[in-house]
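Engineer: Structure file structure.cif (mmCIF, C-alpha atoms) is given on the next line.
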```
data_entry
#
loop_
_atom_site.label_atom_id
_atom_site.label_comp_id
_atom_site.auth_asym_id
_atom_site.auth_seq_id
_atom_site.Cartn_x
_atom_site.Cartn_y
_atom_site.Cartn_z
CA MET A 1 80.59 87.29 90.10
CA THR A 2 80.37 87.41 86.31
CA VAL A 3 84.19 87.48 85.99
CA ALA A 4 84.53 84.52 88.37
CA ARG A 5 81.90 82.54 86.43
CA SER A 6 83.53 83.43 83.13
CA ALA A 7 86.99 82.41 84.40
CA ALA A 8 85.62 79.11 85.71
CA LEU A 9 83.99 78.40 82.34
CA PHE A 10 87.26 79.18 80.56
CA LEU A 11 89.07 76.72 82.83
CA LEU A 12 86.45 74.03 82.25
CA ALA A 13 86.57 74.63 78.50
CA ALA A 14 90.37 74.32 78.55
CA LEU A 15 90.21 71.10 80.53
CA LEU A 16 87.75 69.62 78.03
CA GLU A 17 89.44 70.83 74.86
CA ILE A 18 93.04 70.20 75.84
CA GLY A 19 92.13 66.97 77.59
CA GLY A 20 90.07 65.85 74.62
CA ALA A 21 92.84 66.62 72.17
CA TRP A 22 95.33 64.82 74.43
CA LEU A 23 93.06 61.75 74.57
CA VAL A 24 92.77 61.69 70.77
CA TRP A 25 96.56 62.09 70.51
CA GLN A 26 97.08 59.22 72.94
CA GLY A 27 94.45 57.10 71.19
CA VAL A 28 95.97 57.53 67.76
CA ARG A 29 99.67 58.11 68.38
CA GLY A 30 100.29 57.15 72.00
CA GLY A 31 103.19 58.31 74.08
CA ALA A 32 106.86 58.28 73.16
CA ARG A 33 107.24 54.64 74.26
CA ASP A 34 104.12 53.01 72.88
CA GLN A 35 101.72 52.82 69.99
CA GLY A 36 98.29 54.42 70.04
CA ARG A 37 95.99 53.37 72.86
CA GLY A 38 93.06 52.78 70.57
CA LEU A 39 89.50 53.63 69.83
CA LEU A 40 88.30 53.98 73.42
CA TRP A 41 90.75 56.79 74.16
CA THR A 42 90.04 58.43 70.80
CA GLY A 43 86.26 58.24 71.35
CA ALA A 44 86.57 59.71 74.85
CA GLY A 45 88.60 62.54 73.35
CA VAL A 46 85.98 63.24 70.70
CA ILE A 47 83.28 63.38 73.38
CA ALA A 48 85.37 65.78 75.49
CA LEU A 49 85.96 68.00 72.44
CA GLY A 50 82.21 68.12 71.77
CA ALA A 51 81.57 69.03 75.40
CA TYR A 52 84.12 71.85 75.09
CA GLY A 53 82.05 73.34 72.26
CA PHE A 54 78.99 73.32 74.48
CA VAL A 55 80.77 74.83 77.52
CA ALA A 56 82.04 77.72 75.40
CA THR A 57 78.43 78.74 74.70
CA LEU A 58 77.79 79.19 78.45
CA GLN A 59 80.02 82.27 78.72
CA PRO A 60 78.07 85.25 80.11
CA HIS A 61 79.37 87.44 77.27
CA GLY A 62 77.41 86.89 74.09
CA GLU A 63 79.97 87.88 71.46
CA PHE A 64 81.26 84.70 69.80
CA GLY A 65 84.37 86.31 68.32
CA ARG A 66 85.38 87.94 71.59
CA VAL A 67 84.84 84.78 73.65
CA LEU A 68 86.78 82.53 71.27
CA ALA A 69 89.59 85.06 70.81
CA ALA A 70 89.98 85.42 74.56
CA TYR A 71 89.81 81.67 75.06
CA GLY A 72 92.87 81.38 72.84
CA GLY A 73 94.97 82.85 75.66
CA VAL A 74 93.61 80.32 78.12
CA PHE A 75 94.25 77.53 75.61
CA VAL A 76 97.90 78.52 75.19
CA ALA A 77 98.62 78.68 78.93
CA GLY A 78 96.55 75.57 79.61
CA SER A 79 98.33 73.58 76.93
CA ILE A 80 101.70 74.33 78.48
CA ALA A 81 100.39 73.40 81.94
CA TRP A 82 98.82 70.17 80.60
CA GLY A 83 102.08 69.21 78.93
CA MET A 84 103.93 69.75 82.19
CA ILE A 85 101.50 67.62 84.19
CA ALA A 86 100.62 64.87 81.71
CA ASP A 87 103.81 64.50 79.68
CA GLY A 88 106.62 65.92 81.81
CA TYR A 89 107.17 68.84 79.42
CA ARG A 90 109.55 71.46 80.82
CA PRO A 91 108.75 74.93 79.45
CA ASP A 92 111.56 77.44 79.15
CA ARG A 93 111.27 81.08 80.18
CA TRP A 94 110.02 82.09 76.74
CA ASP A 95 107.18 79.59 76.95
CA ILE A 96 106.21 81.01 80.33
CA ILE A 97 106.50 84.63 79.19
CA GLY A 98 104.49 83.85 76.05
CA ALA A 99 101.75 82.17 78.08
CA LEU A 100 101.57 85.14 80.44
CA VAL A 101 101.30 87.53 77.48
CA CYS A 102 98.45 85.40 76.10
CA LEU A 103 96.65 85.47 79.47
CA ALA A 104 97.09 89.25 79.67
CA GLY A 105 95.58 89.52 76.18
CA MET A 106 92.68 87.31 77.26
CA ALA A 107 92.01 89.55 80.25
CA LEU A 108 92.04 92.66 78.06
CA ILE A 109 89.72 91.15 75.48
CA MET A 110 87.19 89.82 77.99
CA TYR A 111 87.29 92.06 81.03
CA ALA A 112 88.46 95.53 79.99
CA PRO A 113 85.84 98.19 80.73
CA ARG A 114 83.87 99.16 77.64
CA ALA A 115 81.50 101.98 76.92
CA ARG A 116 78.12 100.55 76.01
#
```
Kindly return the structure encoded in the file as C-alpha coordinates.

Structural biologist:
Amino acid sequence: MTVARSAALFLLAALLEIGGAWLVWQGVRGGARDQGRGLLWTGAGVIALGAYGFVATLQPHGEFGRVLAAYGGVFVAGSIAWGMIADGYRPDRWDIIGALVCLAGMALIMYAPRAR
(Lines of atoms letter the chains of each structure in order from A and count residues from 1; the text may use other names and numbers.)
(Lines give C-alpha, C1' and ligand atoms only; values in the text may rest on other atoms or scores of the structure.)
Protein backbone atom coordinates (compact mmCIF):
# COMPACT_ATOMS: atom_id res chain seq x y z
CA MET A 1 0.00 0.00 0.00
CA THR A 2 2.93 2.35 0.58
CA VAL A 3 3.99 2.10 -3.09
CA ALA A 4 0.43 2.82 -4.25
CA ARG A 5 0.17 5.84 -1.93
CA SER A 6 3.56 7.09 -3.03
CA ALA A 7 2.67 6.71 -6.72
CA ALA A 8 -0.63 8.53 -6.20
CA LEU A 9 1.18 11.39 -4.45
CA PHE A 10 3.69 11.59 -7.31
CA LEU A 11 0.81 11.83 -9.79
CA LEU A 12 -0.93 14.53 -7.75
CA ALA A 13 2.34 16.45 -7.39
CA ALA A 14 2.88 16.26 -11.16
CA LEU A 15 -0.64 17.48 -11.86
CA LEU A 16 -0.13 20.45 -9.54
CA GLU A 17 3.37 21.38 -10.65
CA ILE A 18 2.97 20.86 -14.37
CA GLY A 19 -0.53 22.30 -14.32
CA GLY A 20 0.63 25.27 -12.28
CA ALA A 21 3.55 25.96 -14.59
CA TRP A 22 1.22 25.63 -17.59
CA LEU A 23 -1.23 28.12 -16.04
CA VAL A 24 1.58 30.62 -15.41
CA TRP A 25 2.80 30.09 -19.00
CA GLN A 26 -0.72 30.67 -20.32
CA GLY A 27 -1.21 33.68 -18.05
CA VAL A 28 1.98 35.38 -19.12
CA ARG A 29 2.62 34.16 -22.66
CA GLY A 30 -0.61 32.52 -23.80
CA GLY A 31 -0.90 30.01 -26.57
CA ALA A 32 0.53 30.24 -30.06
CA ARG A 33 -2.47 32.28 -31.30
CA ASP A 34 -3.04 34.72 -28.47
CA GLN A 35 -1.44 36.96 -25.91
CA GLY A 36 -1.19 36.06 -22.24
CA ARG A 37 -4.45 35.30 -20.47
CA GLY A 38 -3.66 37.52 -17.54
CA LEU A 39 -3.30 37.71 -13.82
CA LEU A 40 -6.07 35.27 -12.91
CA TRP A 41 -4.41 32.40 -14.78
CA THR A 42 -1.00 33.37 -13.44
CA GLY A 43 -2.30 33.55 -9.84
CA ALA A 44 -4.00 30.16 -10.16
CA GLY A 45 -0.72 28.75 -11.41
CA VAL A 46 1.21 30.18 -8.47
CA ILE A 47 -1.31 28.64 -6.06
CA ALA A 48 -1.02 25.25 -7.79
CA LEU A 49 2.78 25.44 -7.62
CA GLY A 50 2.60 26.16 -3.89
CA ALA A 51 0.26 23.21 -3.41
CA TYR A 52 2.74 21.00 -5.28
CA GLY A 53 5.39 21.89 -2.69
CA PHE A 54 3.06 20.80 0.08
CA VAL A 55 2.03 17.52 -1.61
CA ALA A 56 5.68 16.54 -2.06
CA THR A 57 6.10 16.58 1.73
CA LEU A 58 3.38 13.91 2.11
CA GLN A 59 5.51 11.16 0.56
CA PRO A 60 5.88 8.20 2.94
CA HIS A 61 9.65 8.21 2.40
CA GLY A 62 11.35 10.86 4.49
CA GLU A 63 14.48 11.51 2.44
CA PHE A 64 14.07 14.87 0.67
CA GLY A 65 16.81 14.26 -1.89
CA ARG A 66 15.51 10.83 -2.82
CA VAL A 67 11.90 11.97 -3.15
CA LEU A 68 12.74 15.02 -5.29
CA ALA A 69 15.21 13.10 -7.45
CA ALA A 70 12.64 10.38 -8.11
CA TYR A 71 9.92 12.95 -8.76
CA GLY A 72 12.07 14.26 -11.61
CA GLY A 73 11.24 11.13 -13.60
CA VAL A 74 7.53 11.63 -13.03
CA PHE A 75 7.88 15.29 -14.00
CA VAL A 76 9.54 14.43 -17.31
CA ALA A 77 6.93 11.85 -18.33
CA GLY A 78 4.09 13.99 -17.02
CA SER A 79 5.28 17.05 -18.92
CA ILE A 80 5.23 15.14 -22.18
CA ALA A 81 1.75 13.78 -21.42
CA TRP A 82 0.48 17.25 -20.44
CA GLY A 83 1.84 18.71 -23.67
CA MET A 84 0.05 16.03 -25.66
CA ILE A 85 -3.28 16.63 -23.92
CA ALA A 86 -3.24 20.40 -23.41
CA ASP A 87 -1.27 21.65 -26.40
CA GLY A 88 -1.46 18.92 -29.04
CA TYR A 89 2.26 18.16 -28.74
CA ARG A 90 3.29 15.02 -30.64
CA PRO A 91 6.30 13.33 -29.02
CA ASP A 92 8.63 11.32 -31.20
CA ARG A 93 10.01 7.91 -30.26
CA TRP A 94 13.01 9.47 -28.51
CA ASP A 95 10.74 11.54 -26.29
CA ILE A 96 8.82 8.39 -25.35
CA ILE A 97 11.97 6.33 -24.78
CA GLY A 98 13.49 9.14 -22.69
CA ALA A 99 10.35 9.41 -20.57
CA LEU A 100 10.33 5.65 -19.99
CA VAL A 101 14.00 5.75 -18.96
CA CYS A 102 13.17 8.54 -16.50
CA LEU A 103 10.27 6.53 -15.04
CA ALA A 104 12.52 3.47 -14.70
CA GLY A 105 15.05 5.65 -12.85
CA MET A 106 12.29 6.94 -10.58
CA ALA A 107 11.23 3.39 -9.75
CA LEU A 108 14.82 2.41 -8.92
CA ILE A 109 15.39 5.45 -6.74
CA MET A 110 12.14 5.12 -4.78
CA TYR A 111 11.21 1.47 -4.70
CA ALA A 112 14.37 -0.64 -5.02
CA PRO A 113 14.90 -2.87 -1.99
CA ARG A 114 17.45 -1.44 0.42
CA ALA A 115 19.25 -2.88 3.39
CA ARG A 116 18.38 -0.86 6.46

Engineer: Measuring atom to atom with only C-alpha atoms, identify which of A:Leu40, A:Ala14, A:Ala56, A:Val3 is nearest to Ala77 in chain A.

Structural biologist: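 When distances to Ala77 in chain A are compared using only C-alpha atoms, the smallest one comes from A:Ala14.
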
Engineer: Taking into account all atoms listed in the file, which residue in the set A:Arg114, A:Gly72, A:Gly62, A:Gly88 is nearest to Val101 in chain A?

Structural biologist: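 For Val101 in chain A, the nearest of the candidates is A:Gly72.
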
Engineer: I'd like the contact shell of Leu16 in chain A - 8 Å cut-off, all atoms listed in the file, skipping same-chain residues fewer than 5 positions apart - returned as a PyMOL selection string.

Structural biologist: chain A and resi 48-49+51-52

Engineer: Those selected residues, please, written with C-alpha atoms and delivered as a JSON list (two decimals), keeping the file's coordinate frame.

Structural biologist:
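The result, stored in again-v8.json:
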```json
[["chain", "number", "residue", "atom", "x", "y", "z"],
["A", 48, "ALA", "CA", 85.37, 65.78, 75.49],
["A", 49, "LEU", "CA", 85.96, 68.00, 72.44],
["A", 51, "ALA", "CA", 81.57, 69.03, 75.40],
["A", 52, "TYR", "CA", 84.12, 71.85, 75.09]]
```

Engineer: Step by step, work through what the PyMOL selection byres ((chain A and resi 6) around 10) selects in the shown file, and finish by giving those residues as a list in words.

Structural biologist: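 In the shown coordinates, the PyMOL selection byres ((chain A and resi 6) around 10) covers Met1, Thr2, Val3, Ala4, Arg5, Ala7, Ala8, Leu9, Phe10, Leu11, Leu12, Ala56, Leu58, Gln59, Pro60, His61, Val67, Met110 and Tyr111 of chain A.
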
Engineer: Give me, please, the distance in Å between CA of Leu103 in chain A and CA of Ser79 in chain A, quoted to one decimal.

Structural biologist: 12.3 Å

Engineer: So, with only C-alpha atoms as the atoms that count, which of A:Cys102, A:Ala44, A:Ile80, A:Leu108 lies closest to Arg66 in chain A?

Structural biologist: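 Distance minimum relative to Arg66 in chain A lands on A:Leu108.
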
Engineer: Enter the distance from CA of Ala107 in chain A to CA of Ile47 in chain A, in Å, rounded to one decimal.

Structural biologist: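 Result for CA of Ala107 in chain A versus CA of Ile47 in chain A: 28.4 Å, one decimal.
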
Engineer: Counting all atoms listed in the file, find residues at most 12 Å from (102.1, 60.9, 75.3) (file frame) and give them as a PyMOL selection string.

Structural biologist: chain A and resi 19+21-37+82-89

Engineer: Please put the answer as AutoDock Vina command-line options: centre and edge lengths, in Å with one decimal, of a box along x, y and z that encloses all listed atoms of range 97-110 of chain A plus 5 Å on each side.

Structural biologist:
```
--center_x 96.8 --center_y 87.4 --center_z 78.0 --size_x 29.3 --size_y 20.5 --size_z 15.0
```

Engineer: Have a look at A:Trp94, A:Phe64, A:Glu17, A:Val74 and name the one nearest to Val46 in chain A; count all atoms listed in the file.

Structural biologist: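 Among A:Trp94, A:Phe64, A:Glu17, A:Val74, it is A:Glu17 that comes nearest to Val46 in chain A.
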
Engineer: For CA of Ile97 in chain A and CA of Ala81 in chain A, determine how far apart the two atoms are, in Å to one decimal place.

Structural biologist: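 Here the two named atoms are 13.1 Å from each other.
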